[in-house]
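Visitor: One structure, as structure tokens, below. Some questions next.
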Amino acid sequence: MEDKEVMISFKQAQELIESFIIPVSTEVTSFTRALNRVLAEEVISDVDMPPFNKAAMDGFACRKADLADELDITEEIPAGKKPMGIIGPRQCARIMTGAMIPEGADFILMKEHAEITPSGKVRRIKASANANICHQGEDVRTGDIVLTRGTRLLAAHLAMLASVGCTAPLVYRKPAICVISTGNELTDPGRVPEAGKIRDSNGYQLSAQVSQMGLSADYLGIVRDDGAELFKLMAEALVKYEVILISGGVSVGDYDYVPEVLGKLHVDILFHGMHVRPGKRLLFGKKGSCYVAGLPGNPVSSFVQFEVLVKPMINRLMGCTGRPLILLLPLEKAYSRKKKDTLLFVPVAFTEKGTVIPLEYHGSAHIHAYTVAMGIMEIPAGVGEIKAGEMVHVRPL
Ligand code: AMP
Ligand code: MG
């Protein structure tokens, strides 16, 4: 068999993927269903925020110049009510947080800083310089761009959409994604594995990783290490899906049918192998508008490569312009490794001091280590030792 495998660096893999991904088309959705979707338009505010000068506290709206005097109460202004009158000399209005400041007033005397005299007037009992007024348009002005194209919509973004009345935003479509597990050794999790078998975990792990992105994947189940069976399933999946996540069978062993089957199906293999651990044998291919990520079967390899490579790929496919968050934090205690030839991803926890502590980790089958991990630390190729206190790159999970 012709050897088409190309080993590249992780950075080259990232760049290749970035250059190949073309975002999916767009659609209008209801903002109530837009959580985790990516905005495909700029959103412009149709209002000032706040829309009027607004009380920031419960208290008495008055003239700053009158604060030393006793004040007559002219009216009560709860939130949502338009003030009836103007505040004149030695007058005030009882006002609630969020209510419109009446004309003439330039100060809210906090309720806690005032008392009512026996004759029903308001008297200041504690001085404070803060006027407690939020000014019209101080946060956002009418016509301002409040959200940009490529933004992943989270809770605060939904609040923004609601606030400016953008109830039908234009977003990128959700790509159609499927997950496939391969391996003769795999058993359904509900069964007790026979000798030589293990339970399939990757299928569920990958599906959950997709779900955590606010998307969903069809899990097509376990395929045996059988070229014909795999060919049939992949041929169908390539027409039906835009992303195929297939775990196992991507290496160069006799039972690793994925590369061969993809070749027969005319999938362009962009790369097959990176100088990285875990996940060295990752395969990435494209056919038409379908992208195929062949993830190594070891659960940690599959987990980590999804996080560091596949997730940014899907984000890009969904039109997201944001970059993955990578923090630079000090290492809690010294770290060393014997083989320093490749980039290495290591599970870590964060301490209360804000440092990073590597977790006990036995290699790419040790998924249990990731059940307590808070992040993935990157150790660059060539680096064998890191001293305590040195800064390291970590992707929070
Ligand atoms: P492979 O990449 O197919 O050579 O598999 C590498 C290792 O990962 C083997 O020990 C497999 O048994 C294991 N493995 C493969 N697929 C899965 C899966 N779906 N769930 C859990 N472990 C798997
Ligand atoms: Mg296998």
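Naming works like this for the structure tokens: A, B, ... for the chains as they're shown, residue 1 at the start of each chain, ligands 1 onward in shown order.
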Can you tell me which residues sit at most 10 Å away from ligand 1, counting only C-alpha atoms and all ligand atoms, written as a ChimeraX atom specification?

Guide: /A:180-189,196-206,221-223,225,246-258,279,281-282,294-302,364-365,367

Visitor: With a distance cut-off of 7 Å and only C-alpha atoms, select the neighbouring residues of stretch 157-171 of chain A, excluding the residue or stretch itself and same-chain residues fewer than 6 positions from it, and output the selection as a ChimeraX atom specification.

Guide: /A:26-31,37-41,45-47

Visitor: Write the selection just made, keeping N, CA, C and O atoms, as a JSON list (two decimals), in the first residue's frame?

Guide:
```json
[["chain", "number", "residue", "atom", "x", "y", "z"],
["A", 26, "THR", "N", -25.95, 30.41, 6.71],
["A", 26, "THR", "CA", -26.59, 31.07, 7.86],
["A", 26, "THR", "C", -28.10, 30.89, 7.82],
["A", 26, "THR", "O", -28.66, 30.49, 6.80],
["A", 27, "GLU", "N", -28.73, 31.19, 8.95],
["A", 27, "GLU", "CA", -30.19, 31.12, 9.05],
["A", 27, "GLU", "C", -30.65, 32.08, 10.13],
["A", 27, "GLU", "O", -29.86, 32.45, 11.02],
["A", 28, "VAL", "N", -31.91, 32.46, 10.05],
["A", 28, "VAL", "CA", -32.47, 33.31, 11.10],
["A", 28, "VAL", "C", -33.06, 32.40, 12.16],
["A", 28, "VAL", "O", -33.70, 31.40, 11.83],
["A", 29, "THR", "N", -32.80, 32.71, 13.42],
["A", 29, "THR", "CA", -33.38, 31.90, 14.49],
["A", 29, "THR", "C", -34.02, 32.82, 15.51],
["A", 29, "THR", "O", -33.85, 34.04, 15.45],
["A", 30, "SER", "N", -34.76, 32.24, 16.45],
["A", 30, "SER", "CA", -35.30, 33.05, 17.53],
["A", 30, "SER", "C", -34.19, 33.24, 18.56],
["A", 30, "SER", "O", -33.44, 32.30, 18.84],
["A", 31, "PHE", "N", -34.09, 34.42, 19.13],
["A", 31, "PHE", "CA", -33.03, 34.64, 20.13],
["A", 31, "PHE", "C", -33.19, 33.69, 21.32],
["A", 31, "PHE", "O", -32.22, 33.37, 21.99],
["A", 37, "ARG", "N", -25.12, 29.50, 19.69],
["A", 37, "ARG", "CA", -24.99, 29.67, 18.23],
["A", 37, "ARG", "C", -24.00, 30.81, 17.98],
["A", 37, "ARG", "O", -23.67, 31.57, 18.88],
["A", 38, "VAL", "N", -23.55, 30.93, 16.73],
["A", 38, "VAL", "CA", -22.59, 31.98, 16.41],
["A", 38, "VAL", "C", -23.27, 33.02, 15.52],
["A", 38, "VAL", "O", -23.91, 32.68, 14.52],
["A", 39, "LEU", "N", -23.12, 34.25, 15.91],
["A", 39, "LEU", "CA", -23.78, 35.36, 15.24],
["A", 39, "LEU", "C", -23.18, 35.57, 13.84],
["A", 39, "LEU", "O", -21.96, 35.58, 13.68],
["A", 40, "ALA", "N", -24.05, 35.75, 12.83],
["A", 40, "ALA", "CA", -23.56, 35.94, 11.47],
["A", 40, "ALA", "C", -23.79, 37.37, 10.99],
["A", 40, "ALA", "O", -23.68, 37.66, 9.80],
["A", 41, "GLU", "N", -24.13, 38.27, 11.90],
["A", 41, "GLU", "CA", -24.35, 39.67, 11.54],
["A", 41, "GLU", "C", -23.92, 40.56, 12.72],
["A", 41, "GLU", "O", -23.75, 40.08, 13.83],
["A", 45, "SER", "N", -27.64, 48.68, 18.33],
["A", 45, "SER", "CA", -28.64, 49.05, 19.34],
["A", 45, "SER", "C", -29.65, 50.05, 18.78],
["A", 45, "SER", "O", -29.27, 51.01, 18.12],
["A", 46, "ASP", "N", -30.93, 49.81, 19.07],
["A", 46, "ASP", "CA", -31.97, 50.77, 18.65],
["A", 46, "ASP", "C", -32.39, 51.65, 19.82],
["A", 46, "ASP", "O", -33.35, 52.40, 19.72],
["A", 47, "VAL", "N", -31.66, 51.55, 20.92],
["A", 47, "VAL", "CA", -31.98, 52.38, 22.10],
["A", 47, "VAL", "C", -30.69, 52.87, 22.77],
["A", 47, "VAL", "O", -29.62, 52.29, 22.58]]
```

Visitor: Select, from A:Asp226, A:Glu112, A:Glu15, A:Asp218, the residue with the minimum atom-to-atom distance to ligand 2, counting only C-alpha atoms and all ligand atoms.

Guide: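 That would be A:Asp226, the residue with the smallest distance to ligand 2.
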
Visitor: Need the shell around stretch 207-214 of chain A: protein/DNA/RNA residues with any atom at most 12 Å away, counting only C-alpha atoms. Skip same-chain ones fewer than 2 positions apart. Format as an NGL selection string?

Guide: :A and (33-38 or 152-154 or 174-181 or 201-205 or 216-221 or 243-247 or 302-308 or 310-315 or 318 or 320 or 397)

Visitor: Compile the contact shell of A:Val276 as a PDB file with N, CA, C and O atoms, in the first residue's frame: residues with an atom at most 10 Å away, counting only C-alpha atoms, same-chain residues fewer than 6 positions apart removed.

Guide:
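Dumped to result27.pdb:
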```pdb
ATOM      1  N   MET A   7       3.554  13.403   8.523  1.00  0.00           N
ATOM      2  CA  MET A   7       3.668  13.826   9.928  1.00  0.00           C
ATOM      3  C   MET A   7       3.976  15.313   9.947  1.00  0.00           C
ATOM      4  O   MET A   7       4.947  15.747   9.330  1.00  0.00           O
ATOM      5  N   ILE A   8       3.155  16.065  10.627  1.00  0.00           N
ATOM      6  CA  ILE A   8       3.376  17.509  10.696  1.00  0.00           C
ATOM      7  C   ILE A   8       3.382  17.955  12.158  1.00  0.00           C
ATOM      8  O   ILE A   8       3.079  17.166  13.041  1.00  0.00           O
ATOM      9  N   SER A   9       3.689  19.234  12.372  1.00  0.00           N
ATOM     10  CA  SER A   9       3.668  19.740  13.746  1.00  0.00           C
ATOM     11  C   SER A   9       2.224  20.085  14.114  1.00  0.00           C
ATOM     12  O   SER A   9       1.371  20.249  13.230  1.00  0.00           O
ATOM     13  N   PHE A  10       1.976  20.222  15.400  1.00  0.00           N
ATOM     14  CA  PHE A  10       0.633  20.573  15.855  1.00  0.00           C
ATOM     15  C   PHE A  10       0.226  21.931  15.279  1.00  0.00           C
ATOM     16  O   PHE A  10      -0.912  22.125  14.843  1.00  0.00           O
ATOM     17  N   LEU A 282      -3.509  11.190  14.678  1.00  0.00           N
ATOM     18  CA  LEU A 282      -4.760  11.806  14.247  1.00  0.00           C
ATOM     19  C   LEU A 282      -4.774  12.006  12.731  1.00  0.00           C
ATOM     20  O   LEU A 282      -3.762  12.340  12.134  1.00  0.00           O
ATOM     21  N   GLN A 305      -7.470  15.463  21.804  1.00  0.00           N
ATOM     22  CA  GLN A 305      -7.448  15.973  20.429  1.00  0.00           C
ATOM     23  C   GLN A 305      -8.771  16.629  20.044  1.00  0.00           C
ATOM     24  O   GLN A 305      -8.792  17.562  19.255  1.00  0.00           O
ATOM     25  N   ASP A 341      10.851  14.756  22.886  1.00  0.00           N
ATOM     26  CA  ASP A 341      10.878  15.008  21.443  1.00  0.00           C
ATOM     27  C   ASP A 341       9.625  15.678  20.890  1.00  0.00           C
ATOM     28  O   ASP A 341       9.683  16.354  19.875  1.00  0.00           O
ATOM     29  N   THR A 342       8.478  15.492  21.539  1.00  0.00           N
ATOM     30  CA  THR A 342       7.248  16.063  20.965  1.00  0.00           C
ATOM     31  C   THR A 342       6.557  17.009  21.943  1.00  0.00           C
ATOM     32  O   THR A 342       6.831  17.008  23.132  1.00  0.00           O
ATOM     33  N   LEU A 343       5.624  17.747  21.375  1.00  0.00           N
ATOM     34  CA  LEU A 343       4.704  18.548  22.186  1.00  0.00           C
ATOM     35  C   LEU A 343       3.885  17.559  23.017  1.00  0.00           C
ATOM     36  O   LEU A 343       3.445  16.533  22.500  1.00  0.00           O
ATOM     37  N   LEU A 344       3.693  17.879  24.293  1.00  0.00           N
ATOM     38  CA  LEU A 344       2.958  16.967  25.173  1.00  0.00           C
ATOM     39  C   LEU A 344       1.815  17.713  25.863  1.00  0.00           C
ATOM     40  O   LEU A 344       1.991  18.841  26.328  1.00  0.00           O
ATOM     41  N   PHE A 345       0.660  17.071  25.907  1.00  0.00           N
ATOM     42  CA  PHE A 345      -0.479  17.625  26.649  1.00  0.00           C
ATOM     43  C   PHE A 345      -0.647  16.830  27.943  1.00  0.00           C
ATOM     44  O   PHE A 345      -0.698  15.600  27.907  1.00  0.00           O
ATOM     45  N   ILE A 379       3.262  21.219  27.000  1.00  0.00           N
ATOM     46  CA  ILE A 379       4.721  21.264  27.182  1.00  0.00           C
ATOM     47  C   ILE A 379       5.342  21.191  25.794  1.00  0.00           C
ATOM     48  O   ILE A 379       5.181  20.196  25.079  1.00  0.00           O
ATOM     49  N   PRO A 380       6.036  22.247  25.390  1.00  0.00           N
ATOM     50  CA  PRO A 380       6.558  22.282  24.021  1.00  0.00           C
ATOM     51  C   PRO A 380       7.616  21.212  23.761  1.00  0.00           C
ATOM     52  O   PRO A 380       8.281  20.753  24.699  1.00  0.00           O
ATOM     53  N   ALA A 381       7.770  20.829  22.511  1.00  0.00           N
ATOM     54  CA  ALA A 381       8.815  19.883  22.120  1.00  0.00           C
ATOM     55  C   ALA A 381      10.157  20.465  22.540  1.00  0.00           C
ATOM     56  O   ALA A 381      10.379  21.672  22.445  1.00  0.00           O
TER      57      ALA A 381
END
```

Visitor: Any chance you could list, as JSON, numbers by chain, the residues in stretch 24-228 of chain A that come up strand (DSSP E or B) when DSSP is run on the backbone?

Guide: {"A": [26, 27, 28, 38, 39, 43, 44, 49, 54, 55, 59, 60, 61, 62, 71, 72, 73, 74, 75, 76, 77, 91, 92, 93, 94, 95, 100, 107, 108, 109, 110, 114, 115, 116, 122, 123, 124, 133, 134, 140, 145, 146, 147, 152, 170, 171, 172, 177, 178, 179, 180, 181, 182, 186, 187, 198, 199, 217, 218, 219, 220, 221, 222, 223]}

Visitor: To one decimal in Å, tell me the separation between atom CA of A:Asp58 and atom CA of A:Glu103.

Guide: 17.2 Å

Visitor: For a test of reading the model, state the distance in Å between atom CA of A:Lys232 and atom CA of A:Phe271, rounded to one decimal.

Guide: 23.0 Å

Visitor: So which residues touch A:Pro50 within 7 Å, counting only C-alpha atoms, skipping near sequence neighbours fewer than 4 positions away, as a list in words?

Guide: His135, Gln136, Gly137, Glu138 and Asp139 of chain A

Visitor: As a VMD selection string, please: every residue in stretch 304-393 of chain A that a backbone DSSP assignment puts in helix (DSSP H, G or I).

Guide: chain A and resid 304 to 317 367 to 371

Visitor: Can you pull out the residues contacting A:Glu70? Cut-off 10 Å, using only C-alpha atoms, and skip same-chain residues under 6 positions away; I want them as number ranges by chain.

Guide: A: 90-92, 115-117, 120-124

Visitor: Show me, as a PyMOL selection string, the residues that have an atom within 9 Å of A:Ser128 when counting only C-alpha atoms, minus same-chain residues fewer than 4 positions from it.

Guide: chain A and resi 109-110+113

Visitor: Would you mind reading off the distance between atom CA of A:Met274 and atom CA of A:Ile17, one decimal, in Å?

Guide: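 That distance, rounded to one decimal, is 12.8 Å.
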
Visitor: So, counting only C-alpha atoms, which residue among A:Pro23, A:Glu385, A:Gly104, A:His366 is closest to A:Arg63?

Guide: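 Smallest distance to A:Arg63 is found for A:Gly104.
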
Visitor: I'd like to know which of A:Val394, A:Leu359, A:Ile386, A:Leu262 is closest to A:Pro324, using only C-alpha atoms.

Guide: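 Counting only C-alpha atoms, the residue closest to A:Pro324 is A:Val394.
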
Visitor: Between A:Arg224, A:Lys264, A:Arg323, A:His272, which residue has the minimum interatomic distance to ligand 2, considering only C-alpha atoms and all ligand atoms?

Guide: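 So, comparing all the options, the nearest one is A:Arg224.
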
Visitor: For A:Lys338, which residue among A:Cys290, A:Leu71, A:Gly227, A:Val383 is the nearest when counting only C-alpha atoms?

Guide: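 Under the stated criterion, the closest residue is A:Val383.
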